[in-house]
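Q: Quick one: the structure is below, and I'll ask about it shortly.
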Amino acid sequence: MTRAVVRTAGISDEWKCWIAENLILGSHPDTLAGILVKSGVIARDAHAEIQAALRSPYLQGVQRLHNRLAKRDWVLGIQSQLNRLASEAAQIPRRERLSTEDFLHQHYSLNRPVIITGMLDGSVARAEWTVDTLGERFADREVEVQFGRNADPDYEMNSLAHKRRMPFGEYAALVRSSGVTNDFYMTANNDTQNRQALHELWADVPALPDYLTGERAGFFWLGPAGTITPFHHDLTNNFMVQISGRKRVRLIAPCDTPRLYNQRHCFTPVDGRAIDLQRFPAMACVPVLDCVLAPGEILFLPVGWWHFVEALDVSITVSATNFRWDNDFYSNYPQHHDF
């Protein structure tokens, strides 16, 4: 006897991936079938494809992996739940001239953020760096800038498409006259060109030997008020050294990653300006720490901490990653993350 062949030619590979993902996430088969039908798939084909997915040994293998990940998320959730019991975990402390030992044992090794004050007092960068002075000093240097960000909701992920070169003096004038905007910004994504073009700047920034080695590693950021760096996490520990202007920073602990809707690399679609709890209901129980980083302050951003950054003024920032202690967390970062 010949078995009848179920034809599901109307189901694209994209829909098949969607079916598998949502079955793994616990959606009811009838609910998924209803969505497929509303999207134009014949009801018979929709139900047949879902049943084929449920019988697939591949999907059953993925389900076992999903169960292991669910256990890992539960362990992370323990730390998230315990963090709510500690009052000190509800805010980012400020510490004046934090000692090397206190920084290492209370923050670096414990993966806890801190704002360090007083370490930039008297530095050339704090005393002399403004958009005007830098614009005059490096007027003819060709620099690279991120442009056209307002037209692309994924401008951070698509940073390669937004690179533009121009004289630094021209860019400085644009920053001065632009008002509040997120359309252009000189960021770490432009470092390959700008580190060489503006190489003298690094001599103006304190070496911070209490925390950093002598091998300079970091980035230069300059932009108008209104620039936004969306929620993401870094692959190393990071110092955000605020030279001029203020930045609003929002942080979320790594243990809350399972609720961040993180499906691609180190990014999340959650908008830090206004978290949409209808679209992202799991965020309702995620603690978000807020601070305003003032000129002369240094924010320690521990590896894995999600952060959203908004410039409140024309802002100049330098980052540093050359810590005295192990900071290699990217060597074993998953290679296949662009899904």
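Each chain of the structure tokens is named A, B, ... in the order shown, its residues numbered from 1; ligands are numbered from 1 in display order.
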Quick one: pick out all helix (DSSP H, G or I) residues within range 17-205 of chain A from a backbone DSSP run and write them as a VMD selection string.

A: chain A and resid 17 to 24 29 to 38 43 to 55 57 to 83 87 to 90 100 to 108 124 to 128 131 to 137 149 to 151 159 to 162 168 to 177 188 to 197 199 to 204

Q: Save out the residues we just selected, C-alpha atoms, as a compact mmCIF listing (two decimals), in the first residue's frame.

A:
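Listing of part.txt after writing:
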```txt
# COMPACT_ATOMS: atom_id res chain seq x y z
CA CYS A 17 12.19 28.12 10.96
CA TRP A 18 9.45 30.17 12.59
CA ILE A 19 7.39 27.04 13.31
CA ALA A 20 10.36 25.25 14.88
CA GLU A 21 11.38 28.23 17.01
CA ASN A 22 7.90 28.79 18.37
CA LEU A 23 7.28 25.11 19.07
CA ILE A 24 10.50 25.05 21.09
CA PRO A 29 0.38 23.96 17.53
CA ASP A 30 -3.19 25.20 16.91
CA THR A 31 -2.12 28.77 17.68
CA LEU A 32 0.72 28.53 15.17
CA ALA A 33 -1.56 26.99 12.55
CA GLY A 34 -4.01 29.86 12.99
CA ILE A 35 -1.25 32.42 12.41
CA LEU A 36 -0.11 30.58 9.29
CA VAL A 37 -3.64 30.46 7.90
CA LYS A 38 -4.11 34.19 8.52
CA ALA A 43 -5.03 25.19 6.62
CA ARG A 44 -4.27 21.60 5.58
CA ASP A 45 -0.69 22.54 4.70
CA ALA A 46 -0.24 24.50 7.94
CA HIS A 47 -1.35 21.60 10.17
CA ALA A 48 0.64 19.05 8.14
CA GLU A 49 3.83 21.07 8.38
CA ILE A 50 3.46 21.56 12.13
CA GLN A 51 2.85 17.84 12.65
CA ALA A 52 5.90 17.03 10.51
CA ALA A 53 7.96 19.37 12.67
CA LEU A 54 6.71 17.74 15.87
CA ARG A 55 7.74 14.29 14.56
CA PRO A 57 14.09 13.90 15.31
CA TYR A 58 15.99 17.10 14.58
CA LEU A 59 13.43 19.15 16.49
CA GLN A 60 13.43 16.61 19.31
CA GLY A 61 17.20 16.96 19.56
CA VAL A 62 16.89 20.73 19.66
CA GLN A 63 14.26 20.36 22.41
CA ARG A 64 16.80 18.53 24.58
CA LEU A 65 19.27 21.36 24.02
CA HIS A 66 16.55 23.88 24.84
CA ASN A 67 15.88 22.08 28.13
CA ARG A 68 19.56 22.39 29.07
CA LEU A 69 19.51 26.10 28.22
CA ALA A 70 16.38 26.52 30.32
CA LYS A 71 18.28 25.07 33.29
CA ARG A 72 21.12 27.52 32.63
CA ASP A 73 18.63 30.41 32.50
CA TRP A 74 17.22 29.24 35.84
CA VAL A 75 20.68 29.44 37.41
CA LEU A 76 21.15 32.96 36.00
CA GLY A 77 17.72 33.85 37.37
CA ILE A 78 18.88 32.96 40.88
CA GLN A 79 21.51 35.70 40.74
CA SER A 80 18.99 38.14 39.30
CA GLN A 81 16.57 37.39 42.12
CA LEU A 82 19.28 37.73 44.78
CA ASN A 83 20.42 41.06 43.31
CA SER A 87 20.39 47.63 48.24
CA GLU A 88 23.90 48.30 46.92
CA ALA A 89 23.01 46.42 43.73
CA ALA A 90 20.19 48.88 42.96
CA THR A 100 43.85 49.48 42.92
CA GLU A 101 43.05 46.76 45.45
CA ASP A 102 39.49 47.97 46.09
CA PHE A 103 38.81 48.24 42.37
CA LEU A 104 40.14 44.75 41.71
CA HIS A 105 38.43 42.98 44.60
CA GLN A 106 35.18 44.94 44.84
CA HIS A 107 34.44 45.53 41.17
CA TYR A 108 36.72 43.99 38.51
CA VAL A 124 45.34 68.01 29.63
CA ALA A 125 42.26 66.38 28.14
CA ARG A 126 39.93 67.74 30.84
CA ALA A 127 41.52 71.18 30.76
CA GLU A 128 41.81 71.71 27.01
CA VAL A 131 34.91 70.75 20.09
CA ASP A 132 36.38 74.17 19.20
CA THR A 133 39.93 73.46 20.34
CA LEU A 134 40.05 70.01 18.76
CA GLY A 135 38.46 71.33 15.59
CA GLU A 136 41.21 73.93 15.25
CA ARG A 137 44.01 71.55 16.28
CA ARG A 149 21.83 56.86 11.35
CA ASN A 150 18.32 58.34 11.61
CA ALA A 151 17.20 56.57 8.43
CA SER A 159 27.70 50.41 11.07
CA LEU A 160 29.81 49.52 8.03
CA ALA A 161 27.18 51.06 5.76
CA HIS A 162 27.28 54.38 7.61
CA PHE A 168 37.88 66.95 11.28
CA GLY A 169 37.36 70.72 11.27
CA GLU A 170 34.26 70.27 9.10
CA TYR A 171 32.91 67.60 11.44
CA ALA A 172 33.56 69.77 14.52
CA ALA A 173 31.63 72.64 12.93
CA LEU A 174 28.75 70.28 12.19
CA VAL A 175 28.65 69.13 15.82
CA ARG A 176 28.62 72.72 17.06
CA SER A 177 25.72 73.77 14.83
CA ALA A 188 34.47 53.09 18.14
CA ASN A 189 33.26 51.80 14.76
CA ASN A 190 35.47 54.45 13.17
CA ASP A 191 38.62 53.60 15.13
CA THR A 192 40.70 52.15 12.28
CA GLN A 193 40.92 55.53 10.57
CA ASN A 194 40.71 57.87 13.55
CA ARG A 195 43.34 56.30 15.82
CA GLN A 196 46.01 57.25 13.29
CA ALA A 197 44.44 60.55 12.23
CA HIS A 199 47.06 59.86 17.38
CA GLU A 200 48.35 62.84 19.41
CA LEU A 201 45.18 62.84 21.53
CA TRP A 202 46.19 59.78 23.51
CA ALA A 203 49.09 61.64 25.13
CA ASP A 204 46.56 64.06 26.69
```

Q: Which neighbours of range 330-333 of chain A fall inside 10 Å, counting only C-alpha atoms, when residues of the same chain fewer than 6 positions from it are skipped, and could you give them as a CSV table (one decimal) with N, CA, C and O atoms, in the first residue's frame?

A:
```csv
chain,number,residue,atom,x,y,z
A,234,ASP,N,29.4,44.6,25.8
A,234,ASP,CA,30.8,44.4,25.2
A,234,ASP,C,31.3,43.1,25.4
A,234,ASP,O,30.8,42.3,26.3
A,235,LEU,N,32.4,42.7,24.7
A,235,LEU,CA,33.1,41.4,24.9
A,235,LEU,C,34.3,41.5,25.8
A,235,LEU,O,35.0,40.5,25.9
A,236,THR,N,34.5,42.7,26.4
A,236,THR,CA,35.6,42.9,27.3
A,236,THR,C,35.2,43.8,28.4
A,236,THR,O,34.1,44.5,28.3
A,265,HIS,N,23.9,38.5,17.9
A,265,HIS,CA,25.2,39.0,18.4
A,265,HIS,C,25.0,39.5,19.8
A,265,HIS,O,24.5,38.9,20.7
A,303,VAL,N,32.4,43.4,31.7
A,303,VAL,CA,32.1,42.6,30.5
A,303,VAL,C,30.7,41.9,30.7
A,303,VAL,O,30.4,41.4,31.8
```

Q: Please identify the strand (DSSP E or B) residues within range 102-268 of chain A (assignment by DSSP from backbone atoms) and present them as number ranges by chain.

A: A: 114-117, 142-147, 163-167, 184-186, 212, 218-223, 228-233, 238-244, 247-252, 264, 267

Q: Can you pull out every residue within 10 Å of Leu98 in chain A, counting only C-alpha atoms, but drop anything in the same chain fewer than 3 positions away, and send it as a list of chain:residue names?

A: A:Arg94, A:Arg95, A:Glu101, A:Asp102, A:Phe103, A:Leu104, A:Val114, A:Ile115, A:Ile116, A:Thr117, A:Gly118, A:Met119, A:Asp210, A:Tyr211

Q: Restricting it to all heavy atoms, dump the selection as a compact mmCIF listing (two decimals), in the first residue's frame.

A:
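Saved file out_35.txt follows:
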```
# COMPACT_ATOMS: atom_id res chain seq x y z
N ARG A 94 29.57 55.68 43.42
CA ARG A 94 30.65 56.58 43.02
C ARG A 94 31.74 56.49 44.09
O ARG A 94 31.46 56.60 45.28
CB ARG A 94 30.14 58.03 42.91
CG ARG A 94 29.50 58.35 41.58
CD ARG A 94 29.04 59.80 41.51
NE ARG A 94 28.75 60.19 40.15
CZ ARG A 94 27.62 59.93 39.51
NH1 ARG A 94 26.66 59.27 40.13
NH2 ARG A 94 27.45 60.33 38.25
N ARG A 95 32.97 56.30 43.61
CA ARG A 95 34.09 56.16 44.53
C ARG A 95 35.20 57.14 44.14
O ARG A 95 35.68 57.13 43.00
CB ARG A 95 34.63 54.73 44.52
CG ARG A 95 33.63 53.66 44.93
CD ARG A 95 33.35 53.69 46.42
NE ARG A 95 34.59 53.50 47.17
CZ ARG A 95 35.10 52.30 47.45
NH1 ARG A 95 34.51 51.19 47.00
NH2 ARG A 95 36.21 52.21 48.15
N GLU A 101 43.53 47.99 44.80
CA GLU A 101 43.05 46.76 45.45
C GLU A 101 41.53 46.77 45.58
O GLU A 101 40.88 45.75 45.35
CB GLU A 101 43.70 46.61 46.82
CG GLU A 101 45.17 46.25 46.76
CD GLU A 101 45.40 44.95 46.01
OE1 GLU A 101 44.76 43.94 46.38
OE2 GLU A 101 46.21 44.94 45.06
N ASP A 102 40.95 47.91 45.95
CA ASP A 102 39.49 47.97 46.09
C ASP A 102 38.81 47.80 44.74
O ASP A 102 37.78 47.14 44.63
CB ASP A 102 39.07 49.30 46.72
CG ASP A 102 39.35 49.33 48.22
OD1 ASP A 102 39.64 48.25 48.79
OD2 ASP A 102 39.29 50.43 48.81
N PHE A 103 39.40 48.40 43.70
CA PHE A 103 38.81 48.24 42.37
C PHE A 103 38.86 46.78 41.93
O PHE A 103 37.86 46.23 41.43
CB PHE A 103 39.56 49.12 41.36
CG PHE A 103 39.12 48.91 39.93
CD1 PHE A 103 37.85 49.29 39.52
CD2 PHE A 103 39.97 48.30 39.00
CE1 PHE A 103 37.43 49.09 38.21
CE2 PHE A 103 39.57 48.10 37.70
CZ PHE A 103 38.29 48.49 37.30
N LEU A 104 40.01 46.14 42.13
CA LEU A 104 40.14 44.75 41.71
C LEU A 104 39.19 43.83 42.48
O LEU A 104 38.47 43.02 41.86
CB LEU A 104 41.59 44.28 41.92
CG LEU A 104 41.86 42.79 41.70
CD1 LEU A 104 41.52 42.39 40.27
CD2 LEU A 104 43.31 42.45 42.04
N VAL A 114 31.11 50.53 38.58
CA VAL A 114 31.40 51.60 39.54
C VAL A 114 31.76 52.85 38.75
O VAL A 114 32.29 52.77 37.64
CB VAL A 114 32.56 51.20 40.49
CG1 VAL A 114 33.86 50.98 39.71
CG2 VAL A 114 32.76 52.23 41.59
N ILE A 115 31.48 54.02 39.33
CA ILE A 115 31.91 55.29 38.77
C ILE A 115 33.07 55.80 39.63
O ILE A 115 32.92 55.97 40.84
CB ILE A 115 30.77 56.32 38.73
CG1 ILE A 115 29.67 55.84 37.78
CG2 ILE A 115 31.29 57.68 38.29
CD1 ILE A 115 28.42 56.71 37.81
N ILE A 116 34.21 56.03 39.01
CA ILE A 116 35.40 56.50 39.71
C ILE A 116 35.57 57.99 39.44
O ILE A 116 35.52 58.43 38.29
CB ILE A 116 36.65 55.73 39.24
CG1 ILE A 116 36.45 54.22 39.43
CG2 ILE A 116 37.89 56.20 40.00
CD1 ILE A 116 37.55 53.38 38.83
N THR A 117 35.75 58.76 40.50
CA THR A 117 35.89 60.21 40.36
C THR A 117 37.29 60.64 40.80
O THR A 117 37.99 59.93 41.52
CB THR A 117 34.84 60.96 41.21
OG1 THR A 117 35.07 60.65 42.60
CG2 THR A 117 33.43 60.50 40.84
N GLY A 118 37.69 61.82 40.34
CA GLY A 118 38.94 62.43 40.79
C GLY A 118 40.18 62.02 40.03
O GLY A 118 41.24 62.64 40.20
N MET A 119 40.11 61.02 39.19
CA MET A 119 41.31 60.51 38.53
C MET A 119 41.72 61.33 37.31
O MET A 119 42.82 61.16 36.79
CB MET A 119 41.12 59.05 38.12
CG MET A 119 40.86 58.10 39.27
SD MET A 119 42.20 58.08 40.50
CE MET A 119 43.50 57.27 39.58
N ASP A 210 46.95 52.94 38.00
CA ASP A 210 46.32 52.18 39.08
C ASP A 210 45.46 51.05 38.54
O ASP A 210 45.22 50.05 39.23
CB ASP A 210 45.45 53.09 39.95
CG ASP A 210 46.27 54.08 40.74
OD1 ASP A 210 47.36 53.70 41.21
OD2 ASP A 210 45.83 55.23 40.89
N TYR A 211 44.98 51.22 37.29
CA TYR A 211 44.04 50.25 36.72
C TYR A 211 44.50 49.68 35.37
O TYR A 211 44.09 48.58 35.01
CB TYR A 211 42.66 50.88 36.52
CG TYR A 211 42.23 51.81 37.62
CD1 TYR A 211 42.08 53.18 37.40
CD2 TYR A 211 41.96 51.33 38.90
CE1 TYR A 211 41.67 54.04 38.40
CE2 TYR A 211 41.55 52.19 39.92
CZ TYR A 211 41.42 53.54 39.66
OH TYR A 211 41.02 54.39 40.66
```

Q: Pick out the residues sitting within 6 Å of Pro302 in chain A, and hand them over as a JSON list (two decimals) with N, CA and C atoms, in the first residue's frame; count only C-alpha atoms, and ignore anything fewer than 4 positions along from it in its own chain.

A:
```json
[["chain", "number", "residue", "atom", "x", "y", "z"],
["A", 111, "ASN", "N", 32.68, 41.63, 38.80],
["A", 111, "ASN", "CA", 31.85, 42.01, 37.66],
["A", 111, "ASN", "C", 30.76, 43.00, 38.08],
["A", 113, "PRO", "N", 29.72, 47.19, 38.26],
["A", 113, "PRO", "CA", 30.08, 48.53, 37.76],
["A", 113, "PRO", "C", 30.36, 49.50, 38.89],
["A", 237, "ASN", "N", 35.93, 43.89, 29.48],
["A", 237, "ASN", "CA", 35.73, 44.97, 30.45],
["A", 237, "ASN", "C", 36.13, 46.28, 29.79]]
```

Q: Tell me which protein, DNA and RNA residues are within 7 Å of Gln146 in chain A, counting only C-alpha atoms, leaving out same-chain ones fewer than 3 positions away, and put them as a PyMOL selection string.

A: chain A and resi 162-164+184-186

Q: By how many Å are CA of Arg165 in chain A and CA of Asp152 in chain A apart?

A: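 Rounded to one decimal, the two atoms are 18.9 Å apart.
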
Q: What are the closest atom pairs, with distances in Å to one decimal, for all residues of range 214-285 of chain A lying within 6 Å of range 307-322 of chain A? Consider only C-alpha atoms, order rows by chain and residue number, and present the result as a tab-separated table.

A:
```
residue	atom	partner	partner_atom	distance
A:Ala217	CA	A:Asn322	CA	5.3
A:Gly218	CA	A:Ala320	CA	4.1
A:Phe219	CA	A:Ser319	CA	5.1
A:Phe220	CA	A:Val318	CA	4.7
A:Trp221	CA	A:Thr317	CA	5.0
A:Leu222	CA	A:Ile316	CA	4.7
A:Gly223	CA	A:Ser315	CA	5.7
A:Pro224	CA	A:Val314	CA	4.2
A:Ala225	CA	A:Asp313	CA	4.2
A:Gly226	CA	A:Ala311	CA	5.3
A:Thr227	CA	A:Ala311	CA	5.4
A:Ile228	CA	A:Glu310	CA	4.7
A:Thr229	CA	A:Val309	CA	5.0
A:Pro230	CA	A:Phe308	CA	5.1
A:Phe231	CA	A:Phe308	CA	4.3
A:His232	CA	A:His307	CA	5.7
A:Asn238	CA	A:Thr321	CA	5.0
A:Phe239	CA	A:Ala320	CA	5.0
A:Met240	CA	A:Ser319	CA	4.7
A:Val241	CA	A:Val318	CA	5.0
A:Gln242	CA	A:Thr317	CA	4.7
A:Ile243	CA	A:Thr317	CA	5.5
A:Ser244	CA	A:Ile316	CA	5.0
A:Gly245	CA	A:Ser315	CA	4.4
A:Arg246	CA	A:Leu312	CA	5.4
A:Lys247	CA	A:Ala311	CA	4.4
A:Arg248	CA	A:Glu310	CA	5.1
A:Val249	CA	A:Val309	CA	4.6
A:Arg250	CA	A:Phe308	CA	5.1
A:Leu251	CA	A:His307	CA	4.5
A:Gly272	CA	A:Phe308	CA	6.0
```

Q: Keeping only C-alpha atoms, write the selected residues as a short mmCIF file (atom, residue, chain, number, x, y, z; two decimals), in the first residue's frame.

A:
```
data_model
loop_
_atom_site.label_atom_id
_atom_site.label_comp_id
_atom_site.auth_asym_id
_atom_site.auth_seq_id
_atom_site.Cartn_x
_atom_site.Cartn_y
_atom_site.Cartn_z
CA ALA A 217 43.83 50.18 23.91
CA GLY A 218 40.56 52.01 23.53
CA PHE A 219 38.44 54.29 21.38
CA PHE A 220 37.51 57.95 20.84
CA TRP A 221 33.91 59.18 20.75
CA LEU A 222 32.70 62.66 19.75
CA GLY A 223 29.19 63.77 18.87
CA PRO A 224 26.33 66.18 19.48
CA ALA A 225 23.69 65.98 22.17
CA GLY A 226 21.13 63.33 21.30
CA THR A 227 23.44 60.58 20.07
CA ILE A 228 22.22 57.13 21.08
CA THR A 229 24.13 53.89 21.48
CA PRO A 230 21.43 51.19 21.78
CA PHE A 231 21.42 48.49 24.43
CA HIS A 232 24.27 46.03 23.82
CA ASN A 238 35.67 48.64 29.54
CA PHE A 239 36.36 52.07 31.03
CA MET A 240 34.14 54.89 29.75
CA VAL A 241 36.24 57.99 30.41
CA GLN A 242 34.05 61.09 30.16
CA ILE A 243 36.10 64.10 29.12
CA SER A 244 33.44 66.66 28.20
CA GLY A 245 29.64 66.78 28.35
CA ARG A 246 27.27 64.41 30.14
CA LYS A 247 25.94 61.01 29.18
CA ARG A 248 22.96 59.12 30.49
CA VAL A 249 23.80 55.44 30.90
CA ARG A 250 21.37 52.59 31.60
CA LEU A 251 22.77 49.21 32.64
CA GLY A 272 16.46 51.94 26.21
#
```

Q: Considering only C-alpha atoms, state which residue in the set A:Gly40, A:Cys285, A:Ile92, A:Trp325 is at the smallest distance from Leu212 in chain A.

A: A:Trp325

Q: What is the CA of Tyr155 in chain A to CA of Arg264 in chain A distance in Å?

A: 14.0 Å

Q: Tell me, in Å to one decimal, how far CA of Pro206 in chain A is from CA of Pro295 in chain A.

A: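 CA of Pro295 in chain A lies 14.2 Å from CA of Pro206 in chain A.
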